[in-house]
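*Asks:* Here you go, this is final22.csv (CSV, N, CA and C atoms).
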chain,number,residue,atom,x,y,z
A,222,MET,N,-10.8,-10.0,-25.0
A,222,MET,CA,-10.1,-10.4,-23.8
A,222,MET,C,-9.3,-9.2,-23.2
A,223,ILE,N,-8.7,-8.4,-24.0
A,223,ILE,CA,-7.9,-7.3,-23.6
A,223,ILE,C,-8.9,-6.3,-23.0
A,224,GLU,N,-10.0,-6.0,-23.6
A,224,GLU,CA,-11.0,-5.1,-23.1
A,224,GLU,C,-11.5,-5.5,-21.7
A,225,LYS,N,-11.7,-6.8,-21.6
A,225,LYS,CA,-12.2,-7.3,-20.3
A,225,LYS,C,-11.2,-7.1,-19.2
A,226,THR,N,-9.9,-7.4,-19.5
A,226,THR,CA,-8.8,-7.2,-18.6
A,226,THR,C,-8.7,-5.7,-18.2
A,227,VAL,N,-8.7,-4.9,-19.1
A,227,VAL,CA,-8.6,-3.4,-18.8
A,227,VAL,C,-9.8,-3.0,-18.0
A,228,SER,N,-11.0,-3.5,-18.2
A,228,SER,CA,-12.1,-3.2,-17.4
A,228,SER,C,-11.9,-3.7,-15.9
A,229,ARG,N,-11.3,-4.8,-15.8
A,229,ARG,CA,-10.9,-5.3,-14.4
A,229,ARG,C,-9.9,-4.4,-13.7
A,230,ILE,N,-9.0,-3.8,-14.5
A,230,ILE,CA,-8.0,-2.9,-13.9
A,230,ILE,C,-8.8,-1.6,-13.4
A,231,GLU,N,-9.7,-1.1,-14.2
A,231,GLU,CA,-10.5,0.0,-13.9
A,231,GLU,C,-11.3,-0.2,-12.6
A,232,GLU,N,-11.9,-1.4,-12.6
A,232,GLU,CA,-12.7,-1.8,-11.4
A,232,GLU,C,-11.9,-1.9,-10.1
A,233,THR,N,-10.7,-2.4,-10.3
A,233,THR,CA,-9.8,-2.6,-9.1
A,233,THR,C,-9.4,-1.2,-8.6
A,234,VAL,N,-9.1,-0.3,-9.4
A,234,VAL,CA,-8.7,1.0,-9.0
A,234,VAL,C,-9.9,1.8,-8.5
A,235,ALA,N,-11.0,1.8,-9.2
A,235,ALA,CA,-12.2,2.5,-8.8
A,235,ALA,C,-12.7,2.0,-7.4
A,236,GLY,N,-12.6,0.8,-7.2
A,236,GLY,CA,-13.1,0.2,-5.9
A,236,GLY,C,-12.1,0.1,-4.8
A,237,ALA,N,-11.0,0.7,-4.9
A,237,ALA,CA,-9.9,0.6,-3.9
A,237,ALA,C,-10.2,1.6,-2.8
A,238,PRO,N,-10.6,1.1,-1.6
A,238,PRO,CA,-11.0,2.0,-0.5
A,238,PRO,C,-9.9,2.9,0.1
A,239,ALA,N,-8.7,2.4,-0.1
A,239,ALA,CA,-7.5,3.1,0.5
A,239,ALA,C,-7.0,4.2,-0.4
A,240,LEU,N,-7.5,4.3,-1.6
A,240,LEU,CA,-7.1,5.4,-2.5
A,240,LEU,C,-7.9,6.6,-2.4
A,241,SER,N,-7.3,7.8,-2.4
A,241,SER,CA,-8.0,9.1,-2.4
A,241,SER,C,-8.6,9.2,-3.8
A,242,GLU,N,-9.6,10.1,-3.9
A,242,GLU,CA,-10.3,10.3,-5.2
A,242,GLU,C,-9.3,10.9,-6.2
A,243,GLU,N,-8.4,11.7,-5.7
A,243,GLU,CA,-7.4,12.3,-6.6
A,243,GLU,C,-6.5,11.2,-7.2
A,244,LYS,N,-6.1,10.3,-6.4
A,244,LYS,CA,-5.2,9.2,-6.8
A,244,LYS,C,-6.0,8.3,-7.8
A,245,LYS,N,-7.2,8.0,-7.5
A,245,LYS,CA,-8.0,7.2,-8.3
A,245,LYS,C,-8.2,7.8,-9.7
A,246,ALA,N,-8.4,9.1,-9.7
A,246,ALA,CA,-8.6,9.8,-11.0
A,246,ALA,C,-7.3,9.8,-11.8
A,247,GLN,N,-6.2,9.9,-11.1
A,247,GLN,CA,-4.9,9.9,-11.8
A,247,GLN,C,-4.6,8.5,-12.4
A,248,LEU,N,-4.9,7.5,-11.6
A,248,LEU,CA,-4.7,6.1,-12.1
A,248,LEU,C,-5.7,5.8,-13.3
A,249,LEU,N,-6.9,6.2,-13.1
A,249,LEU,CA,-7.9,5.9,-14.2
A,249,LEU,C,-7.6,6.6,-15.5
A,250,LYS,N,-7.0,7.8,-15.4
A,250,LYS,CA,-6.6,8.5,-16.6
A,250,LYS,C,-5.4,7.7,-17.3
A,251,LEU,N,-4.5,7.2,-16.5
A,251,LEU,CA,-3.4,6.4,-17.0
A,251,LEU,C,-3.9,5.1,-17.6
A,252,ILE,N,-4.9,4.5,-17.0
A,252,ILE,CA,-5.5,3.3,-17.5
A,252,ILE,C,-6.1,3.6,-18.9
A,253,SER,N,-6.8,4.7,-19.0
A,253,SER,CA,-7.4,5.1,-20.3
A,253,SER,C,-6.3,5.2,-21.4
A,254,GLU,N,-5.2,5.8,-21.0
A,254,GLU,CA,-4.1,5.9,-22.0
A,254,GLU,C,-3.5,4.6,-22.3
A,255,LEU,N,-3.4,3.7,-21.2
A,255,LEU,CA,-2.8,2.4,-21.4
A,255,LEU,C,-3.7,1.6,-22.4
A,256,LYS,N,-5.0,1.7,-22.2
A,256,LYS,CA,-6.0,1.0,-23.1
A,256,LYS,C,-5.7,1.4,-24.5
A,257,SER,N,-5.5,2.6,-24.8
A,257,SER,CA,-5.2,3.0,-26.2
A,257,SER,C,-3.9,2.4,-26.7
A,258,GLU,N,-2.9,2.5,-25.9
A,258,GLU,CA,-1.6,1.9,-26.3
A,258,GLU,C,-1.6,0.4,-26.5
A,259,ILE,N,-2.3,-0.3,-25.6
A,259,ILE,CA,-2.5,-1.7,-25.7
A,259,ILE,C,-3.3,-2.1,-26.9
A,260,THR,N,-4.3,-1.3,-27.3
A,260,THR,CA,-5.1,-1.6,-28.5
A,260,THR,C,-4.2,-1.5,-29.7
A,261,VAL,N,-3.3,-0.5,-29.8
A,261,VAL,CA,-2.4,-0.4,-30.9
A,261,VAL,C,-1.5,-1.6,-31.0
A,262,LEU,N,-0.9,-1.9,-29.8
A,262,LEU,CA,0.0,-3.1,-29.8
A,262,LEU,C,-0.7,-4.4,-30.2
A,263,SER,N,-2.0,-4.5,-29.8
A,263,SER,CA,-2.7,-5.8,-30.1
A,263,SER,C,-2.9,-6.0,-31.6
A,264,GLU,N,-2.8,-5.0,-32.4
A,264,GLU,CA,-3.0,-5.1,-33.8
A,264,GLU,C,-1.8,-5.9,-34.4
A,265,THR,N,-0.7,-5.8,-33.8
A,265,THR,CA,0.5,-6.5,-34.3
A,265,THR,C,1.0,-7.7,-33.4
A,266,ASP,N,0.6,-7.6,-32.1
A,266,ASP,CA,1.1,-8.6,-31.1
A,266,ASP,C,0.0,-8.8,-30.0
A,267,ALA,N,-1.1,-9.4,-30.3
A,267,ALA,CA,-2.2,-9.6,-29.4
A,267,ALA,C,-1.8,-10.3,-28.1
A,268,GLU,N,-0.9,-11.3,-28.2
A,268,GLU,CA,-0.5,-12.1,-27.1
A,268,GLU,C,0.3,-11.2,-26.1
A,269,ARG,N,1.2,-10.5,-26.6
A,269,ARG,CA,2.0,-9.6,-25.7
A,269,ARG,C,1.1,-8.5,-25.1
A,270,ALA,N,0.2,-8.0,-25.9
A,270,ALA,CA,-0.7,-6.9,-25.4
A,270,ALA,C,-1.5,-7.4,-24.2
A,271,LEU,N,-2.0,-8.6,-24.4
A,271,LEU,CA,-2.8,-9.2,-23.3
A,271,LEU,C,-2.0,-9.5,-22.1
A,272,ASP,N,-0.7,-10.0,-22.3
A,272,ASP,CA,0.2,-10.2,-21.2
A,272,ASP,C,0.4,-8.9,-20.4
A,273,ILE,N,0.6,-7.8,-21.1
A,273,ILE,CA,0.8,-6.5,-20.4
A,273,ILE,C,-0.4,-6.1,-19.7
A,274,ALA,N,-1.6,-6.3,-20.2
A,274,ALA,CA,-2.8,-6.0,-19.5
A,274,ALA,C,-3.0,-6.8,-18.3
A,275,ARG,N,-2.7,-8.1,-18.4
A,275,ARG,CA,-2.8,-8.9,-17.2
A,275,ARG,C,-1.8,-8.5,-16.1
A,276,LYS,N,-0.6,-8.3,-16.5
A,276,LYS,CA,0.4,-7.9,-15.5
A,276,LYS,C,0.1,-6.5,-14.9
A,277,THR,N,-0.5,-5.6,-15.7
A,277,THR,CA,-1.0,-4.3,-15.1
A,277,THR,C,-2.1,-4.6,-14.1
A,278,HIS,N,-3.0,-5.5,-14.4
A,278,HIS,CA,-4.0,-5.8,-13.4
A,278,HIS,C,-3.5,-6.4,-12.2
A,279,THR,N,-2.5,-7.3,-12.3
A,279,THR,CA,-1.9,-7.9,-11.1
A,279,THR,C,-1.2,-6.8,-10.3
A,280,SER,N,-0.5,-5.9,-10.9
A,280,SER,CA,0.1,-4.9,-10.2
A,280,SER,C,-0.9,-4.0,-9.4
A,281,ALA,N,-1.9,-3.6,-10.1
A,281,ALA,CA,-2.9,-2.8,-9.5
A,281,ALA,C,-3.6,-3.5,-8.4
A,282,ARG,N,-3.9,-4.7,-8.5
A,282,ARG,CA,-4.6,-5.5,-7.5
A,282,ARG,C,-3.7,-5.6,-6.2
A,283,HIS,N,-2.4,-5.9,-6.4
A,283,HIS,CA,-1.5,-6.0,-5.3
A,283,HIS,C,-1.4,-4.6,-4.6
A,284,ALA,N,-1.2,-3.6,-5.4
A,284,ALA,CA,-1.0,-2.2,-4.8
A,284,ALA,C,-2.2,-1.6,-4.1
A,285,THR,N,-3.4,-2.0,-4.5
A,285,THR,CA,-4.5,-1.4,-3.9
A,285,THR,C,-5.2,-2.2,-2.8
A,286,GLN,N,-4.7,-3.4,-2.5
A,286,GLN,CA,-5.2,-4.2,-1.4
A,286,GLN,C,-5.0,-3.4,-0.1
A,287,GLU,N,-6.0,-3.6,0.8
A,287,GLU,CA,-5.8,-2.9,2.1
A,287,GLU,C,-4.6,-3.4,2.9
A,288,GLU,N,-4.4,-4.7,2.8
A,288,GLU,CA,-3.2,-5.3,3.5
A,288,GLU,C,-2.3,-5.8,2.4
A,289,SER,N,-1.5,-4.8,1.9
A,289,SER,CA,-0.7,-5.2,0.7
A,289,SER,C,0.7,-5.6,1.2
A,290,ASP,N,1.3,-6.5,0.4
A,290,ASP,CA,2.6,-7.0,0.7
A,290,ASP,C,3.6,-6.3,-0.2
A,291,GLY,N,4.5,-5.5,0.4
A,291,GLY,CA,5.4,-4.7,-0.3
A,291,GLY,C,6.3,-5.5,-1.3
A,292,HIS,N,6.7,-6.7,-0.9
A,292,HIS,CA,7.5,-7.5,-1.8
A,292,HIS,C,6.7,-7.9,-3.0
A,293,GLN,N,5.5,-8.4,-2.8
A,293,GLN,CA,4.6,-8.8,-3.9
A,293,GLN,C,4.4,-7.6,-4.9
A,294,ILE,N,4.2,-6.4,-4.3
A,294,ILE,CA,3.9,-5.3,-5.2
A,294,ILE,C,5.1,-4.9,-6.0
A,295,SER,N,6.3,-4.9,-5.3
A,295,SER,CA,7.5,-4.6,-6.0
A,295,SER,C,7.8,-5.6,-7.1
A,296,SER,N,7.6,-6.8,-6.8
A,296,SER,CA,7.9,-7.9,-7.8
A,296,SER,C,6.9,-7.7,-9.0
A,297,ALA,N,5.7,-7.5,-8.7
A,297,ALA,CA,4.7,-7.3,-9.8
A,297,ALA,C,5.0,-6.1,-10.7
A,298,LEU,N,5.4,-5.0,-10.0
A,298,LEU,CA,5.8,-3.8,-10.8
A,298,LEU,C,7.0,-4.0,-11.6
A,299,ASP,N,8.0,-4.7,-11.0
A,299,ASP,CA,9.3,-5.0,-11.8
A,299,ASP,C,9.0,-5.9,-13.0
A,300,ASP,N,8.1,-6.9,-12.8
A,300,ASP,CA,7.7,-7.8,-13.9
A,300,ASP,C,7.0,-7.0,-15.0
A,301,LEU,N,6.1,-6.1,-14.6
A,301,LEU,CA,5.4,-5.3,-15.6
A,301,LEU,C,6.4,-4.4,-16.4
A,302,LYS,N,7.3,-3.7,-15.7
A,302,LYS,CA,8.2,-2.9,-16.3
A,302,LYS,C,9.2,-3.6,-17.3
A,303,SER,N,9.6,-4.8,-16.8
A,303,SER,CA,10.5,-5.6,-17.7
A,303,SER,C,9.8,-6.1,-18.9
A,304,THR,N,8.5,-6.3,-18.8
A,304,THR,CA,7.8,-6.8,-20.0
A,304,THR,C,7.6,-5.7,-21.1
A,305,VAL,N,7.5,-4.5,-20.7
A,305,VAL,CA,7.3,-3.4,-21.7
A,305,VAL,C,8.6,-2.9,-22.1
A,306,ASP,N,9.7,-3.1,-21.4
A,306,ASP,CA,11.0,-2.6,-21.9
A,306,ASP,C,11.4,-2.9,-23.3
A,307,THR,N,11.0,-4.1,-23.8
A,307,THR,CA,11.3,-4.5,-25.1
A,307,THR,C,10.6,-3.6,-26.2
A,308,PHE,N,9.6,-2.9,-25.8
A,308,PHE,CA,8.8,-2.0,-26.7
A,308,PHE,C,9.3,-0.6,-26.7
A,309,GLU,N,10.4,-0.3,-26.1
A,309,GLU,CA,10.8,1.1,-25.9
A,309,GLU,C,10.9,1.8,-27.3
A,310,VAL,N,11.5,1.1,-28.3
A,310,VAL,CA,11.7,1.7,-29.6
A,310,VAL,C,10.4,1.7,-30.4
A,311,SER,N,9.7,0.6,-30.4
A,311,SER,CA,8.5,0.4,-31.3
A,311,SER,C,7.3,1.0,-30.8
A,312,HIS,N,7.1,1.1,-29.4
A,312,HIS,CA,5.9,1.6,-28.8
A,312,HIS,C,6.3,2.5,-27.6
A,313,PRO,N,6.9,3.6,-27.8
A,313,PRO,CA,7.4,4.4,-26.7
A,313,PRO,C,6.3,5.0,-25.8
A,314,GLY,N,5.1,5.2,-26.4
A,314,GLY,CA,4.0,5.7,-25.6
A,314,GLY,C,3.5,4.6,-24.6
A,315,LEU,N,3.5,3.4,-25.0
A,315,LEU,CA,3.2,2.3,-24.1
A,315,LEU,C,4.1,2.2,-23.0
A,316,VAL,N,5.4,2.3,-23.2
A,316,VAL,CA,6.4,2.2,-22.2
A,316,VAL,C,6.3,3.4,-21.2
A,317,SER,N,6.1,4.6,-21.8
A,317,SER,CA,5.9,5.8,-21.0
A,317,SER,C,4.7,5.7,-20.1
A,318,THR,N,3.6,5.2,-20.6
A,318,THR,CA,2.3,5.1,-19.9
A,318,THR,C,2.5,4.0,-18.8
A,319,VAL,N,3.0,2.9,-19.1
A,319,VAL,CA,3.2,1.8,-18.1
A,319,VAL,C,4.1,2.3,-17.0
A,320,ASN,N,5.2,3.0,-17.3
A,320,ASN,CA,6.1,3.5,-16.3
A,320,ASN,C,5.4,4.5,-15.4
A,321,ALA,N,4.6,5.4,-16.0
A,321,ALA,CA,3.8,6.4,-15.2
A,321,ALA,C,2.9,5.7,-14.3
A,322,PHE,N,2.2,4.6,-14.8
A,322,PHE,CA,1.3,3.9,-14.0
A,322,PHE,C,2.0,3.2,-12.8
A,323,CYS,N,3.1,2.6,-13.1
A,323,CYS,CA,3.9,2.0,-12.0
A,323,CYS,C,4.4,3.0,-11.0
A,324,ASN,N,4.8,4.1,-11.4
A,324,ASN,CA,5.2,5.2,-10.5
A,324,ASN,C,4.1,5.7,-9.6
A,325,ALA,N,2.9,5.8,-10.3
A,325,ALA,CA,1.7,6.2,-9.5
A,325,ALA,C,1.4,5.2,-8.4
A,326,LEU,N,1.5,3.9,-8.8
A,326,LEU,CA,1.2,2.9,-7.8
A,326,LEU,C,2.2,2.9,-6.7
A,327,ALA,N,3.5,3.1,-7.1
A,327,ALA,CA,4.5,3.2,-6.1
A,327,ALA,C,4.3,4.4,-5.1
A,328,ASP,N,3.8,5.5,-5.7
A,328,ASP,CA,3.5,6.7,-4.8
A,328,ASP,C,2.4,6.5,-3.8
A,329,ILE,N,1.7,5.4,-3.9
A,329,ILE,CA,0.6,5.1,-3.0
A,329,ILE,C,1.2,4.9,-1.6
A,330,GLY,N,2.4,4.5,-1.6
A,330,GLY,CA,3.1,4.3,-0.3
A,330,GLY,C,3.5,2.9,-0.1
A,331,ILE,N,3.8,2.2,-1.2
A,331,ILE,CA,4.2,0.9,-1.1
A,331,ILE,C,5.7,0.8,-0.9
I need this file expressed as structure tokens, please.

*Replies:*
Amino acid sequence: MIEKTVSRIEETVAGAPALSEEKKAQLLKLISELKSEITVLSETDAERALDIARKTHTSARHATQEESDGHQISSALDDLKSTVDTFEVSHPGLVSTVNAFCNALADIGI
């Protein structure tokens, strides 16, 4: 299920017409890193790993829509960040990658 959700994130970013190729490449690289970090987390907490993947997908979907709602995007990003904050000590790479992903989405102009 996590693999499928990560694939959806990749498809959402790759298919976003409003994103430049450079921004898509940046986000896809971060998604690849996120996939590795989520896989590690899933070994000890599969439910939370899937929750993070789903929230990442929701954030990406909201941020890459042609007619995006800034409030929805901000809310989705805040929700994602707060979800991973509890892993700062145990999975610092995950937190760092999610924060970089959120910042990249925010840089799109939301």

*Asks:* Return as AutoDock Vina command-line options the centre and edge lengths, in Å with one decimal, of the box along x, y and z that encloses every atom of segment 253-270 of chain A in the file, padded by 6 Å per side.

*Replies:*
--center_x -2.7 --center_y -3.1 --center_z -26.7 --size_x 21.4 --size_y 30.0 --size_z 27.4

*Asks:* Go ahead and compute the interatomic distance for atom C of Ala325 of chain A and atom CA of Thr265 of chain A, in Å to one decimal.

*Replies:*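 Distance between the two atoms: 28.4 Å.
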
*Asks:* Go ahead and compute the interatomic distance for atom CA of Gly314 of chain A and atom CA of Ser296 of chain A, in Å to one decimal.

*Replies:*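 Atom CA of Ser296 of chain A lies at a distance of 22.7 Å from atom CA of Gly314 of chain A.
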
*Asks:* Take atom N of Ser263 of chain A and atom CA of Val305 of chain A and report the distance between them in Å, one decimal.

*Replies:*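 Atom-to-atom, atom N of Ser263 of chain A and atom CA of Val305 of chain A are spaced 12.4 Å apart.
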
*Asks:* I need the residue nearest Ala239 of chain A from this list: A:Thr304, A:Ile329, A:Ile294, A:Phe322. Use only C-alpha atoms for the distance.

*Replies:*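 Closest candidate: A:Ile329.
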
*Asks:* Select, from A:Ile223, A:Leu301, A:Leu255, A:Ala284, the residue with the minimum atom-to-atom distance to Ala327 of chain A, counting all atoms listed in the file.

*Replies:*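 The answer is A:Ala284, which sits nearest to Ala327 of chain A.
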
*Asks:* Determine the nearest neighbour of Met222 of chain A from the options A:Ala246, A:Asp328, A:Leu271, A:Thr277, counting all atoms listed in the file.

*Replies:* A:Leu271

*Asks:* Using DSSP assignments from the backbone, pull out every residue in chain A that falls under alpha helix (DSSP H) and give it to me as a count of residues only.

*Replies:* 85
